[in-house]
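Pasting start.txt here (compact mmCIF, C-alpha atoms):
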```txt
# COMPACT_ATOMS: atom_id res chain seq x y z
CA MET N 1 10.75 12.34 30.46
CA SER N 2 7.68 12.24 28.17
CA GLU N 3 6.74 9.28 26.06
CA ALA N 4 7.27 9.41 22.30
CA PRO N 5 4.06 10.04 20.33
CA VAL N 6 2.52 7.11 18.48
CA SER N 7 3.56 6.92 14.84
CA ALA N 8 0.78 7.85 12.42
CA GLU N 9 1.42 4.66 10.47
CA SER N 10 1.01 2.47 13.56
CA ALA N 11 -2.29 4.01 14.65
CA PRO N 12 -5.06 1.39 14.46
CA PRO N 13 -7.88 1.91 11.97
CA LEU N 14 -11.33 2.84 13.19
CA VAL N 15 -13.63 -0.14 13.15
CA ALA N 16 -16.76 0.63 15.15
CA ALA N 17 -18.59 3.53 16.75
CA PRO N 18 -18.41 4.00 20.52
CA ALA N 19 -21.41 3.86 22.82
CA LEU N 20 -23.90 6.70 22.73
CA CYS N 21 -22.86 9.88 24.52
CA VAL N 22 -24.43 9.31 27.92
CA GLY N 23 -23.14 10.08 31.38
CA SER N 24 -20.07 11.89 30.06
CA GLU N 25 -17.90 13.83 32.44
CA ALA N 26 -17.54 17.58 32.16
CA GLY N 27 -14.77 18.98 30.02
CA PRO N 28 -12.48 21.87 30.94
CA ALA N 29 -14.35 25.01 31.95
CA GLY N 30 -15.65 26.96 28.95
CA ALA N 31 -14.42 24.42 26.39
CA ALA N 32 -17.85 23.22 25.30
CA ALA N 33 -19.05 26.76 24.69
CA ALA N 34 -15.88 27.61 22.78
CA ASN N 35 -16.28 24.55 20.55
CA ALA N 36 -19.96 25.27 19.94
CA ALA N 37 -19.04 28.77 18.75
CA SER N 38 -15.98 27.89 16.65
CA LEU N 39 -17.77 24.99 14.95
CA SER N 40 -19.25 27.49 12.50
CA THR N 41 -16.99 30.51 12.95
CA LEU N 42 -13.34 29.39 13.09
CA ALA N 43 -11.38 31.21 10.37
CA TRP N 44 -8.60 28.96 9.10
CA SER N 45 -7.12 27.24 6.05
CA PRO N 46 -6.71 23.56 6.90
CA PHE N 47 -6.16 22.55 3.25
CA GLY N 48 -4.60 25.74 1.92
CA LYS N 49 -7.75 27.69 1.13
CA PRO N 50 -9.78 29.80 3.59
CA GLU N 51 -12.59 27.99 5.37
CA THR N 52 -15.03 29.00 8.09
CA GLY N 53 -15.77 26.56 10.85
CA TRP N 54 -14.72 22.94 11.36
CA GLU N 55 -18.06 21.13 11.19
CA ILE N 56 -17.07 19.47 7.90
CA TYR N 57 -14.34 17.63 9.76
CA ALA N 58 -16.27 17.07 13.01
CA PRO N 59 -17.22 13.41 12.29
CA ARG N 60 -13.58 12.48 11.65
CA ILE N 61 -12.39 14.48 14.65
CA ALA N 62 -14.95 12.79 16.90
CA ALA N 63 -13.78 9.40 15.68
CA GLU N 64 -10.16 10.37 16.26
CA ILE N 65 -10.81 11.30 19.88
CA GLY N 66 -13.17 8.36 20.43
CA THR N 67 -16.48 10.01 21.19
CA SER N 68 -19.99 10.10 19.80
CA CYS N 69 -20.77 13.27 21.75
CA ALA N 70 -21.84 16.38 19.83
CA PRO N 71 -19.03 18.87 19.09
CA GLY N 72 -20.50 21.52 21.40
CA SER N 73 -21.00 19.19 24.35
CA ASP N 74 -19.10 18.66 27.58
CA GLY N 75 -18.53 15.04 26.58
CA PHE N 76 -16.78 16.07 23.38
CA ALA N 77 -14.62 18.60 25.24
CA ALA N 78 -13.67 16.00 27.82
CA ALA N 79 -12.72 13.46 25.15
CA LEU N 80 -10.70 16.07 23.27
CA ALA N 81 -8.89 17.07 26.47
CA ARG N 82 -7.90 13.44 27.05
CA TRP N 83 -6.70 13.15 23.45
CA GLN N 84 -4.72 16.40 23.73
CA GLN N 85 -2.99 15.16 26.87
CA ALA N 86 -2.13 11.84 25.22
CA ASN N 87 -0.66 13.73 22.26
CA HIS N 88 1.41 16.16 24.36
CA LEU N 89 -0.76 19.21 23.67
CA PRO N 90 -2.24 21.64 26.23
CA ARG N 91 -5.29 19.97 27.80
CA THR N 92 -7.80 22.69 26.89
CA GLY N 93 -10.64 20.63 25.44
CA VAL N 94 -10.94 23.28 22.71
CA MET N 95 -10.67 22.26 19.07
CA ASP N 96 -8.05 24.36 17.31
CA ALA N 97 -5.52 24.34 14.48
CA ALA N 98 -2.80 22.86 16.70
CA ALA N 99 -4.89 19.76 17.39
CA PHE N 100 -5.85 19.44 13.72
CA ALA N 101 -2.17 19.67 12.77
CA VAL N 102 -1.52 16.48 14.71
CA MET N 103 -4.60 14.68 13.41
CA LEU N 104 -4.26 15.48 9.72
CA PRO N 105 -0.93 13.76 8.91
CA ARG N 106 -2.15 10.72 10.84
CA TRP N 107 -5.24 10.55 8.63
CA HIS N 108 -3.21 11.05 5.47
CA LEU N 109 -0.82 8.27 6.38
CA THR N 110 -3.54 5.67 6.81
CA ARG N 111 -3.61 5.77 2.99
CA PRO N 112 -0.95 3.52 1.42
CA PHE N 113 -1.10 5.72 -1.67
CA VAL N 114 0.12 8.71 0.35
CA ARG N 115 2.88 6.70 2.01
CA VAL N 116 4.18 5.74 -1.45
CA ASN N 117 3.79 9.30 -2.76
CA ARG N 118 5.84 10.79 0.07
CA ASP N 119 8.77 8.70 -1.15
CA GLY N 120 8.40 10.27 -4.59
CA VAL N 121 6.77 7.24 -6.21
CA CYS N 122 3.58 7.07 -8.25
CA PRO N 123 2.13 3.55 -8.04
CA GLY N 124 1.51 1.49 -11.13
CA ALA N 125 -1.78 0.78 -12.84
CA PRO N 126 -3.26 -2.69 -13.30
CA ALA N 127 -3.91 -4.10 -16.75
CA GLU N 128 -7.40 -3.03 -17.73
CA ALA N 129 -8.23 -6.62 -18.71
CA SER N 130 -7.70 -7.65 -15.08
CA LEU N 131 -10.33 -5.24 -13.72
CA ALA N 132 -13.87 -6.09 -12.66
CA THR N 133 -16.83 -4.02 -13.83
CA ALA N 134 -19.48 -2.77 -11.43
CA ARG N 135 -23.10 -3.63 -12.09
CA PRO N 136 -25.35 -0.89 -13.52
CA ASP N 137 -27.11 -0.52 -10.16
CA GLU N 138 -23.73 0.11 -8.50
CA SER N 139 -22.89 2.91 -10.92
CA TYR N 140 -23.95 6.55 -10.60
CA GLY N 141 -25.54 7.96 -13.72
CA GLY N 142 -24.89 4.92 -15.89
CA LYS N 143 -21.10 5.31 -15.94
CA THR N 144 -18.91 2.28 -16.59
CA ILE N 145 -16.97 1.71 -13.35
CA GLN N 146 -14.03 -0.65 -13.07
CA LEU N 147 -12.01 -1.65 -10.01
CA ARG N 148 -9.61 -4.38 -9.01
CA PRO N 149 -11.84 -7.41 -8.31
CA ALA N 150 -11.17 -7.73 -4.57
CA ALA N 151 -11.82 -4.01 -4.06
CA LEU N 152 -15.19 -4.33 -5.79
CA GLN N 153 -16.10 -7.31 -3.61
CA ALA N 154 -15.17 -5.37 -0.46
CA TYR N 155 -17.29 -2.46 -1.66
CA ARG N 156 -20.25 -4.79 -2.11
CA ARG N 157 -19.88 -6.15 1.43
CA MET N 158 -19.78 -2.60 2.78
CA VAL N 159 -22.88 -1.56 0.83
CA ALA N 160 -24.80 -4.57 2.12
CA GLU N 161 -24.01 -3.66 5.71
CA ALA N 162 -24.77 0.04 5.18
CA ARG N 163 -28.14 -0.95 3.76
CA ALA N 164 -28.81 -3.20 6.77
CA ALA N 165 -27.86 -0.31 9.06
CA GLY N 166 -30.49 1.90 7.43
CA VAL N 167 -28.14 4.67 6.30
CA LEU N 168 -28.78 4.40 2.53
CA ARG N 169 -31.59 6.94 2.49
CA ARG N 170 -31.31 8.03 -1.15
CA PRO N 171 -31.58 5.70 -4.15
CA GLU N 172 -28.14 6.77 -5.40
CA ALA N 173 -26.43 6.43 -2.01
CA LEU N 174 -23.02 4.71 -2.25
CA THR N 175 -23.24 4.30 -6.01
CA ILE N 176 -19.82 4.81 -7.63
CA TYR N 177 -19.13 7.64 -10.04
CA SER N 178 -15.37 7.25 -10.41
CA GLY N 179 -13.24 4.14 -10.11
CA PHE N 180 -10.20 3.19 -12.17
CA ARG N 181 -8.88 5.99 -14.36
CA ALA N 182 -6.21 5.13 -16.90
CA PRO N 183 -3.02 7.15 -16.33
CA ASP N 184 -2.77 8.14 -20.00
CA ALA N 185 -6.30 9.57 -19.95
CA ASP N 186 -5.54 11.51 -16.78
CA ALA N 187 -2.34 12.88 -18.30
CA GLN N 188 -4.23 14.01 -21.41
CA ARG N 189 -6.81 15.73 -19.20
CA CYS N 190 -4.03 17.52 -17.29
CA ALA N 191 -2.52 18.80 -20.52
CA ARG N 192 -5.91 19.81 -21.94
CA ASP N 193 -7.41 21.49 -18.87
CA ARG N 194 -4.15 22.78 -17.37
CA ASN N 195 -5.49 22.45 -13.84
CA CYS N 196 -3.50 19.63 -12.28
CA GLN N 197 -1.30 19.60 -9.19
CA GLY N 198 -3.48 22.12 -7.39
CA LEU N 199 -5.99 21.59 -4.60
CA THR N 200 -8.43 19.52 -6.66
CA ARG N 201 -6.39 17.62 -9.27
CA THR N 202 -3.03 15.91 -9.41
CA ILE N 203 -0.73 14.40 -12.02
CA CYS N 204 -0.53 11.16 -9.99
CA SER N 205 -4.05 10.06 -9.08
CA ALA N 206 -5.01 7.29 -6.66
CA HIS N 207 -7.63 6.30 -9.23
CA ARG N 208 -4.86 4.82 -11.39
CA THR N 209 -4.48 2.03 -8.82
CA GLY N 210 -7.93 0.51 -9.35
CA LEU N 211 -8.36 0.66 -5.57
CA ALA N 212 -9.87 4.15 -5.24
CA LEU N 213 -13.51 5.01 -5.69
CA ASP N 214 -15.67 8.11 -5.45
CA VAL N 215 -19.14 7.32 -4.12
CA PHE N 216 -22.35 9.26 -3.74
CA ILE N 217 -22.64 10.34 -0.09
CA ASP N 218 -25.07 13.25 -0.36
CA ALA N 219 -25.38 16.58 -2.16
CA ALA N 220 -26.58 20.02 -1.14
CA PRO N 221 -29.31 21.55 -3.35
CA GLY N 222 -27.81 22.76 -6.61
CA PHE N 223 -24.55 20.80 -6.26
CA GLY N 224 -23.24 17.59 -7.76
CA PRO N 225 -21.94 14.72 -5.65
CA ASP N 226 -18.30 15.64 -6.30
CA SER N 227 -18.46 19.39 -5.75
CA SER N 228 -15.82 20.51 -3.27
CA ALA N 229 -17.79 23.64 -2.36
CA ASP N 230 -17.86 23.97 1.41
CA ALA N 231 -21.67 23.94 1.50
CA ASN N 232 -21.70 20.62 -0.36
CA ARG N 233 -19.02 19.00 1.77
CA LEU N 234 -20.90 20.18 4.86
CA ALA N 235 -24.09 18.51 3.65
CA MET N 236 -22.14 15.28 3.30
CA ALA N 237 -20.54 15.63 6.72
CA ARG N 238 -23.98 16.00 8.28
CA SER N 239 -25.36 12.91 6.56
CA PRO N 240 -25.92 9.68 8.52
CA LEU N 241 -24.19 7.81 5.70
CA TYR N 242 -20.91 9.68 6.00
CA ARG N 243 -20.92 9.37 9.78
CA TRP N 244 -21.52 5.63 9.40
CA MET N 245 -18.68 5.41 6.87
CA VAL N 246 -16.24 7.22 9.15
CA TRP N 247 -16.77 4.62 11.86
CA ASN N 248 -17.36 1.49 9.79
CA ALA N 249 -15.62 1.64 6.41
CA GLY N 250 -12.34 0.55 7.99
CA ARG N 251 -13.86 -2.84 8.76
CA PHE N 252 -14.03 -3.42 5.01
CA GLY N 253 -10.54 -2.05 4.34
CA PHE N 254 -11.50 1.45 3.16
CA VAL N 255 -9.86 4.72 4.20
CA ASN N 256 -10.98 8.25 3.38
CA TYR N 257 -9.33 11.39 2.09
CA VAL N 258 -10.93 13.68 4.66
CA TYR N 259 -11.15 16.77 2.44
CA GLU N 260 -13.44 14.80 0.13
CA PRO N 261 -16.11 12.81 1.98
CA TRP N 262 -16.82 10.89 -1.23
CA HIS N 263 -13.26 9.60 -1.86
CA TRP N 264 -12.33 6.20 -0.40
CA GLU N 265 -9.41 3.86 -1.04
CA TRP N 266 -9.26 0.12 -0.44
CA THR N 267 -6.21 -1.08 1.49
CA GLY N 268 -6.72 -4.83 1.24
CA GLU N 269 -4.00 -5.53 -1.32
CA PRO N 270 -0.65 -3.94 -2.16
CA LEU N 271 -0.17 -1.12 -4.60
CA LEU N 272 1.58 -2.13 -7.81
CA PRO N 273 5.19 -1.08 -8.42
CA GLY N 274 5.36 2.35 -9.98
CA ALA N 275 7.65 5.06 -11.26
CA PRO N 276 9.16 8.24 -9.82
CA ILE N 277 6.64 11.06 -9.77
CA ALA N 278 9.38 13.27 -11.21
CA SER N 279 9.36 11.11 -14.34
CA LEU N 280 5.71 11.84 -15.10
CA SER N 281 4.72 14.49 -17.60
CA ALA N 282 3.98 17.76 -15.82
CA ASP N 283 2.25 19.28 -18.82
CA GLY N 284 -0.71 21.22 -17.46
CA ALA N 285 0.44 21.01 -13.85
CA GLU N 286 0.66 24.00 -11.60
CA PRO N 287 2.96 24.02 -8.57
CA VAL N 288 1.34 23.26 -5.22
CA THR N 289 1.37 26.44 -3.16
CA GLU N 290 1.82 25.91 0.55
CA PRO N 291 -0.45 28.11 2.70
CA PRO N 292 1.16 31.10 4.43
CA ALA N 293 2.84 30.26 7.71
CA GLY N 294 0.49 30.76 10.62
CA SER N 295 -2.69 30.52 8.56
CA THR N 296 -3.12 26.77 8.75
CA PRO N 297 -1.81 23.67 10.47
CA ARG N 298 1.56 22.94 8.93
CA THR N 299 1.27 19.72 7.00
CA PRO N 300 4.55 17.78 6.93
CA ALA N 301 6.17 17.42 3.53
CA ALA N 302 5.60 13.69 3.81
CA ALA N 303 1.86 14.23 3.58
CA SER N 304 1.59 17.48 1.64
CA ALA N 305 0.64 15.77 -1.62
CA ALA N 306 -2.45 14.43 0.08
CA ARG N 307 -4.01 17.88 -0.06
CA ASN N 308 -4.72 17.18 -3.70
CA ARG N 309 -7.69 15.32 -5.04
CA LEU N 310 -6.13 11.88 -5.30
```

Output the structure of this file as C-alpha cells.
Amino acid sequence: MSEAPVSAESAPPLVAAPALCVGSEAGPAGAAAANAASLSTLAWSPFGKPETGWEIYAPRIAAEIGTSCAPGSDGFAAALARWQQANHLPRTGVMDAAAFAVMLPRWHLTRPFVRVNRDGVCPGAPAEASLATARPDESYGGKTIQLRPAALQAYRRMVAEARAAGVLRRPEALTIYSGFRAPDADAQRCARDRNCQGLTRTICSAHRTGLALDVFIDAAPGFGPDSSADANRLAMARSPLYRWMVWNAGRFGFVNYVYEPWHWEWTGEPLLPGAPIASLSADGAEPVTEPPAGSTPRTPAAASAARNRL
C-alpha cells in the first residue's frame, strides 16, 4: 500500500540553496539529453496559453526537486527521478507536463491569498492610513508605493541581504513598481479596460491586501519590467537575482506567483477578513477559459484562480 502524498499546504517553504552540483550520480538513461532538448522545445500550455520550452520555470523546478544542477545535466535528471518516485510518478528523470501538474498546485497553495480565493473569498483591504510608504530609492520610476508596515520592513531586510549576496546588478534591481492597490481603483480599471478575469488581470487582486509587491527583477531589451511576454519572463528566469529569490525569499516570508517572476507576496501576517468573490462587481470581467484537456497540466479548481495576475 503506497503512502499518501504530502499535502501542498504542509510542504515546507524553501529557505536556502543546496550545495553546488558536484559529484552527482547519473540519472536514468537518456533523461539528461531529453531534458536538454525539451528545455527550449517542449510545446505545452502550462498556464492556458501556448508556450515553448520550460526554461522559464527551471529555477523553481530545480528548487522543488532540491538541486542546483543544470536542467540538462545528469544531476538534475537524478534529482527529478527521486522527486518523481516520492510523488508516485514514473521514475523517468524527464521533465514533463505530468510532473509540472503536481508541482504547480503546490506552488499556488504556498500563497495564503490563493487558499482564501479557493474558498470563494476575496480578502479585505487595510485602511490606507495604516500603510507605510516606501522611500523614493525603493520605488521604481518615482511611483508612490505603499505596503503594510511589517511587509515593507521584511522587504527591506531581503533587499539588504540580496545586496550583500551581490545579486543586485542593476540600479533598479528589487525596486517596487506596484504595492497596495485600492480595490475601488482596481474595479474602475476593470470596468474601463474590460480586460479582467483573464490570464493577466483579475477582479480580486492580491495587491488589495497591502502584502503583495511587484519588483524589478530584470527586463529583456525592448520590454518593461512587468511584461509577461515569454522572452521577458525568460530573461528574468535567467537572472542571478531571480534564482537567488527563488531560494532565499522564503526566509523573509515572501512567496512567488511563478508565472510572474516579479510578483511576490508576504506571508508574515494574516489576510484581513473579506467578502465573497461572487459579491464583487464583475463589470469588465471576462470568464476564465480553462485550457483544452490534454494540452496542459490540469490545474485543480482550488488553484485555478492563481493563473491570473494576482

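Taking atom CA of Gly93 of chain N as the reference point, atom CA of Pro50 of chain N is found at 23.7 Å.
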
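You can rank N:Pro136, N:Gly142, N:Pro90, N:Pro59 by their closest distance to Pro240 of chain N using all atoms listed in the file, and at the top of that list sits N:Pro59.
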
(request) Show which residues sit within 10 Å of Ala219 of chain N, as a PyMOL selection string. Count only C-alpha atoms, and ignore same-chain residues fewer than 6 positions away. (result) chain N and resi 225-227+231-236+239

(request) Rank nothing, just name the residue among N:Arg91, N:Arg181, N:Arg111, N:Lys143 nearest to Ala127 of chain N, using all atoms listed in the file. (result) N:Arg181

(message) Quick one: residues within 6 Å of Ala77 of chain N, all atoms listed in the file, excluding same-chain residues fewer than 6 positions away - as a PyMOL selection string?
(response) chain N and resi 27+31-32+93

Could you dump the residues just selected with C-alpha atoms as a PDB file, in the frame of the given file?
```
ATOM      1  CA  GLY N  27     -14.770  18.980  30.020  1.00  0.00           C
ATOM      2  CA  ALA N  31     -14.420  24.420  26.390  1.00  0.00           C
ATOM      3  CA  ALA N  32     -17.850  23.220  25.300  1.00  0.00           C
ATOM      4  CA  GLY N  93     -10.640  20.630  25.440  1.00  0.00           C
TER       5      GLY N  93
END
```

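Shortest separation to Glu269 of chain N among N:Ala33, N:Ala282, N:Ala249, N:Ala154 occurs at residue N:Ala154, atoms counted being only C-alpha atoms.
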
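If you measure from each of N:Pro261, N:Gly124, N:Pro273, N:Pro105 to Asp214 of chain N using all atoms listed in the file, the closest one turns out to be N:Pro261.
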
(message) Could you list, as an MDAnalysis selection string, every residue within 12 Å of Gly141 of chain N, counting all atoms listed in the file and ignoring same-chain residues fewer than 2 positions away?
(response) chainID N and resid 135:139 143:145 171:173 175:178 215:216 224:225

What does the file look like for those residues with C-alpha atoms, as an mmCIF file, in the coordinates of the input?
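Result went into again-v2.cif, see below:
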```cif
data_model
loop_
_atom_site.group_PDB
_atom_site.id
_atom_site.type_symbol
_atom_site.label_atom_id
_atom_site.label_comp_id
_atom_site.auth_asym_id
_atom_site.auth_seq_id
_atom_site.Cartn_x
_atom_site.Cartn_y
_atom_site.Cartn_z
ATOM 1 C CA ARG N 135 -23.100 -3.630 -12.090
ATOM 2 C CA PRO N 136 -25.350 -0.890 -13.520
ATOM 3 C CA ASP N 137 -27.110 -0.520 -10.160
ATOM 4 C CA GLU N 138 -23.730 0.110 -8.500
ATOM 5 C CA SER N 139 -22.890 2.910 -10.920
ATOM 6 C CA LYS N 143 -21.100 5.310 -15.940
ATOM 7 C CA THR N 144 -18.910 2.280 -16.590
ATOM 8 C CA ILE N 145 -16.970 1.710 -13.350
ATOM 9 C CA PRO N 171 -31.580 5.700 -4.150
ATOM 10 C CA GLU N 172 -28.140 6.770 -5.400
ATOM 11 C CA ALA N 173 -26.430 6.430 -2.010
ATOM 12 C CA THR N 175 -23.240 4.300 -6.010
ATOM 13 C CA ILE N 176 -19.820 4.810 -7.630
ATOM 14 C CA TYR N 177 -19.130 7.640 -10.040
ATOM 15 C CA SER N 178 -15.370 7.250 -10.410
ATOM 16 C CA VAL N 215 -19.140 7.320 -4.120
ATOM 17 C CA PHE N 216 -22.350 9.260 -3.740
ATOM 18 C CA GLY N 224 -23.240 17.590 -7.760
ATOM 19 C CA PRO N 225 -21.940 14.720 -5.650
#
```

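As for atom CA of Ala78 of chain N and atom CA of Arg251 of chain N, they are spaced 26.8 Å apart.
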
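Closest approach to Met95 of chain N among N:Gln146, N:Ser38, N:Ser130, N:Asn248 is made by N:Ser38 (distances from all atoms listed in the file).
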
(request) Please determine the residues with any atom at most 12 Å from (-14.2, -7.7, -8.6) (coordinates as given in the file, with only C-alpha atoms counting) and report them as a PyMOL selection string. (result) chain N and resi 129-135+145-157+179+210-211

Output C-alpha atoms for every residue in that selection, as a PDB file, in the frame of the given file.
```
ATOM      1  CA  ALA N 129      -8.230  -6.620 -18.710  1.00  0.00           C
ATOM      2  CA  SER N 130      -7.700  -7.650 -15.080  1.00  0.00           C
ATOM      3  CA  LEU N 131     -10.330  -5.240 -13.720  1.00  0.00           C
ATOM      4  CA  ALA N 132     -13.870  -6.090 -12.660  1.00  0.00           C
ATOM      5  CA  THR N 133     -16.830  -4.020 -13.830  1.00  0.00           C
ATOM      6  CA  ALA N 134     -19.480  -2.770 -11.430  1.00  0.00           C
ATOM      7  CA  ARG N 135     -23.100  -3.630 -12.090  1.00  0.00           C
ATOM      8  CA  ILE N 145     -16.970   1.710 -13.350  1.00  0.00           C
ATOM      9  CA  GLN N 146     -14.030  -0.650 -13.070  1.00  0.00           C
ATOM     10  CA  LEU N 147     -12.010  -1.650 -10.010  1.00  0.00           C
ATOM     11  CA  ARG N 148      -9.610  -4.380  -9.010  1.00  0.00           C
ATOM     12  CA  PRO N 149     -11.840  -7.410  -8.310  1.00  0.00           C
ATOM     13  CA  ALA N 150     -11.170  -7.730  -4.570  1.00  0.00           C
ATOM     14  CA  ALA N 151     -11.820  -4.010  -4.060  1.00  0.00           C
ATOM     15  CA  LEU N 152     -15.190  -4.330  -5.790  1.00  0.00           C
ATOM     16  CA  GLN N 153     -16.100  -7.310  -3.610  1.00  0.00           C
ATOM     17  CA  ALA N 154     -15.170  -5.370  -0.460  1.00  0.00           C
ATOM     18  CA  TYR N 155     -17.290  -2.460  -1.660  1.00  0.00           C
ATOM     19  CA  ARG N 156     -20.250  -4.790  -2.110  1.00  0.00           C
ATOM     20  CA  ARG N 157     -19.880  -6.150   1.430  1.00  0.00           C
ATOM     21  CA  GLY N 179     -13.240   4.140 -10.110  1.00  0.00           C
ATOM     22  CA  GLY N 210      -7.930   0.510  -9.350  1.00  0.00           C
ATOM     23  CA  LEU N 211      -8.360   0.660  -5.570  1.00  0.00           C
TER      24      LEU N 211
END
```

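Compared by their closest atoms to Ala164 of chain N, and using all atoms listed in the file, the residues N:Phe223, N:Tyr57, N:Trp262, N:Trp244 rank with N:Trp244 nearest.
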
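Taking atom CA of Ala58 of chain N and atom CA of Ser205 of chain N as the two end points, the separation is 26.2 Å.
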
Excluding same-chain residues fewer than 4 positions from segment 34-36 of chain N, what lies within 7 Å of it counting all atoms listed in the file, as a short mmCIF file (atom, residue, chain, number, x, y, z; two decimals) with C-alpha atoms, keeping the file's coordinate frame?
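Generated file (result-v4.cif):
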```cif
data_model
loop_
_atom_site.label_atom_id
_atom_site.label_comp_id
_atom_site.auth_asym_id
_atom_site.auth_seq_id
_atom_site.Cartn_x
_atom_site.Cartn_y
_atom_site.Cartn_z
CA GLY N 30 -15.65 26.96 28.95
CA PRO N 71 -19.03 18.87 19.09
CA GLY N 72 -20.50 21.52 21.40
CA VAL N 94 -10.94 23.28 22.71
CA MET N 95 -10.67 22.26 19.07
#
```

Box in all listed atoms of segment 241-249 of chain N, axis-aligned, with 4 Å more on each side; write out centre and edge lengths in Å to one decimal as JSON.
```
{"center_x": -19.9, "center_y": 5.6, "center_z": 8.8, "size_x": 16.6, "size_y": 16.2, "size_z": 14.2}
```

Reconstructed segment 202-221 of chain N, atom set N, CA and C atoms, as a PDB file, in the coordinates of the input:
```pdb
ATOM      1  N   THR N 202      -4.445  16.245  -9.548  1.00  0.00           N
ATOM      2  CA  THR N 202      -3.030  15.910  -9.410  1.00  0.00           C
ATOM      3  C   THR N 202      -2.546  15.102 -10.607  1.00  0.00           C
ATOM      4  N   ILE N 203      -1.256  15.160 -10.890  1.00  0.00           N
ATOM      5  CA  ILE N 203      -0.730  14.400 -12.020  1.00  0.00           C
ATOM      6  C   ILE N 203      -0.549  12.928 -11.677  1.00  0.00           C
ATOM      7  N   CYS N 204      -0.604  12.569 -10.399  1.00  0.00           N
ATOM      8  CA  CYS N 204      -0.530  11.160  -9.990  1.00  0.00           C
ATOM      9  C   CYS N 204      -1.764  10.882  -9.149  1.00  0.00           C
ATOM     10  N   SER N 205      -2.777  10.275  -9.743  1.00  0.00           N
ATOM     11  CA  SER N 205      -4.050  10.060  -9.080  1.00  0.00           C
ATOM     12  C   SER N 205      -4.148   8.669  -8.466  1.00  0.00           C
ATOM     13  N   ALA N 206      -4.761   8.590  -7.287  1.00  0.00           N
ATOM     14  CA  ALA N 206      -5.010   7.290  -6.660  1.00  0.00           C
ATOM     15  C   ALA N 206      -5.948   6.435  -7.513  1.00  0.00           C
ATOM     16  N   HIS N 207      -6.694   7.063  -8.397  1.00  0.00           N
ATOM     17  CA  HIS N 207      -7.630   6.300  -9.230  1.00  0.00           C
ATOM     18  C   HIS N 207      -6.902   5.424 -10.253  1.00  0.00           C
ATOM     19  N   ARG N 208      -5.623   5.675 -10.480  1.00  0.00           N
ATOM     20  CA  ARG N 208      -4.860   4.820 -11.390  1.00  0.00           C
ATOM     21  C   ARG N 208      -4.643   3.428 -10.805  1.00  0.00           C
ATOM     22  N   THR N 209      -4.779   3.292  -9.478  1.00  0.00           N
ATOM     23  CA  THR N 209      -4.480   2.030  -8.820  1.00  0.00           C
ATOM     24  C   THR N 209      -5.583   0.986  -8.975  1.00  0.00           C
ATOM     25  N   GLY N 210      -6.797   1.422  -9.324  1.00  0.00           N
ATOM     26  CA  GLY N 210      -7.930   0.510  -9.350  1.00  0.00           C
ATOM     27  C   GLY N 210      -8.459   0.181  -7.975  1.00  0.00           C
ATOM     28  N   LEU N 211      -7.942   0.886  -6.953  1.00  0.00           N
ATOM     29  CA  LEU N 211      -8.360   0.660  -5.570  1.00  0.00           C
ATOM     30  C   LEU N 211      -9.116   1.846  -4.990  1.00  0.00           C
ATOM     31  N   ALA N 212      -9.203   2.945  -5.717  1.00  0.00           N
ATOM     32  CA  ALA N 212      -9.870   4.150  -5.240  1.00  0.00           C
ATOM     33  C   ALA N 212     -11.226   4.302  -5.896  1.00  0.00           C
ATOM     34  N   LEU N 213     -12.185   4.784  -5.135  1.00  0.00           N
ATOM     35  CA  LEU N 213     -13.510   5.010  -5.690  1.00  0.00           C
ATOM     36  C   LEU N 213     -14.140   6.240  -5.071  1.00  0.00           C
ATOM     37  N   ASP N 214     -14.871   6.969  -5.896  1.00  0.00           N
ATOM     38  CA  ASP N 214     -15.670   8.110  -5.450  1.00  0.00           C
ATOM     39  C   ASP N 214     -17.121   7.652  -5.428  1.00  0.00           C
ATOM     40  N   VAL N 215     -17.771   7.823  -4.286  1.00  0.00           N
ATOM     41  CA  VAL N 215     -19.140   7.320  -4.120  1.00  0.00           C
ATOM     42  C   VAL N 215     -20.085   8.457  -3.754  1.00  0.00           C
ATOM     43  N   PHE N 216     -21.337   8.271  -4.080  1.00  0.00           N
ATOM     44  CA  PHE N 216     -22.350   9.260  -3.740  1.00  0.00           C
ATOM     45  C   PHE N 216     -22.634   9.163  -2.238  1.00  0.00           C
ATOM     46  N   ILE N 217     -22.332  10.245  -1.520  1.00  0.00           N
ATOM     47  CA  ILE N 217     -22.640  10.340  -0.090  1.00  0.00           C
ATOM     48  C   ILE N 217     -23.910  11.149   0.113  1.00  0.00           C
ATOM     49  N   ASP N 218     -23.919  12.350  -0.416  1.00  0.00           N
ATOM     50  CA  ASP N 218     -25.070  13.250  -0.360  1.00  0.00           C
ATOM     51  C   ASP N 218     -24.722  14.440  -1.237  1.00  0.00           C
ATOM     52  N   ALA N 219     -25.640  15.364  -1.390  1.00  0.00           N
ATOM     53  CA  ALA N 219     -25.380  16.580  -2.160  1.00  0.00           C
ATOM     54  C   ALA N 219     -26.306  17.679  -1.672  1.00  0.00           C
ATOM     55  N   ALA N 220     -25.763  18.867  -1.489  1.00  0.00           N
ATOM     56  CA  ALA N 220     -26.580  20.020  -1.140  1.00  0.00           C
ATOM     57  C   ALA N 220     -27.379  20.443  -2.373  1.00  0.00           C
ATOM     58  N   PRO N 221     -28.525  21.095  -2.198  1.00  0.00           N
ATOM     59  CA  PRO N 221     -29.310  21.550  -3.350  1.00  0.00           C
ATOM     60  C   PRO N 221     -28.474  22.379  -4.316  1.00  0.00           C
TER      61      PRO N 221
END
```
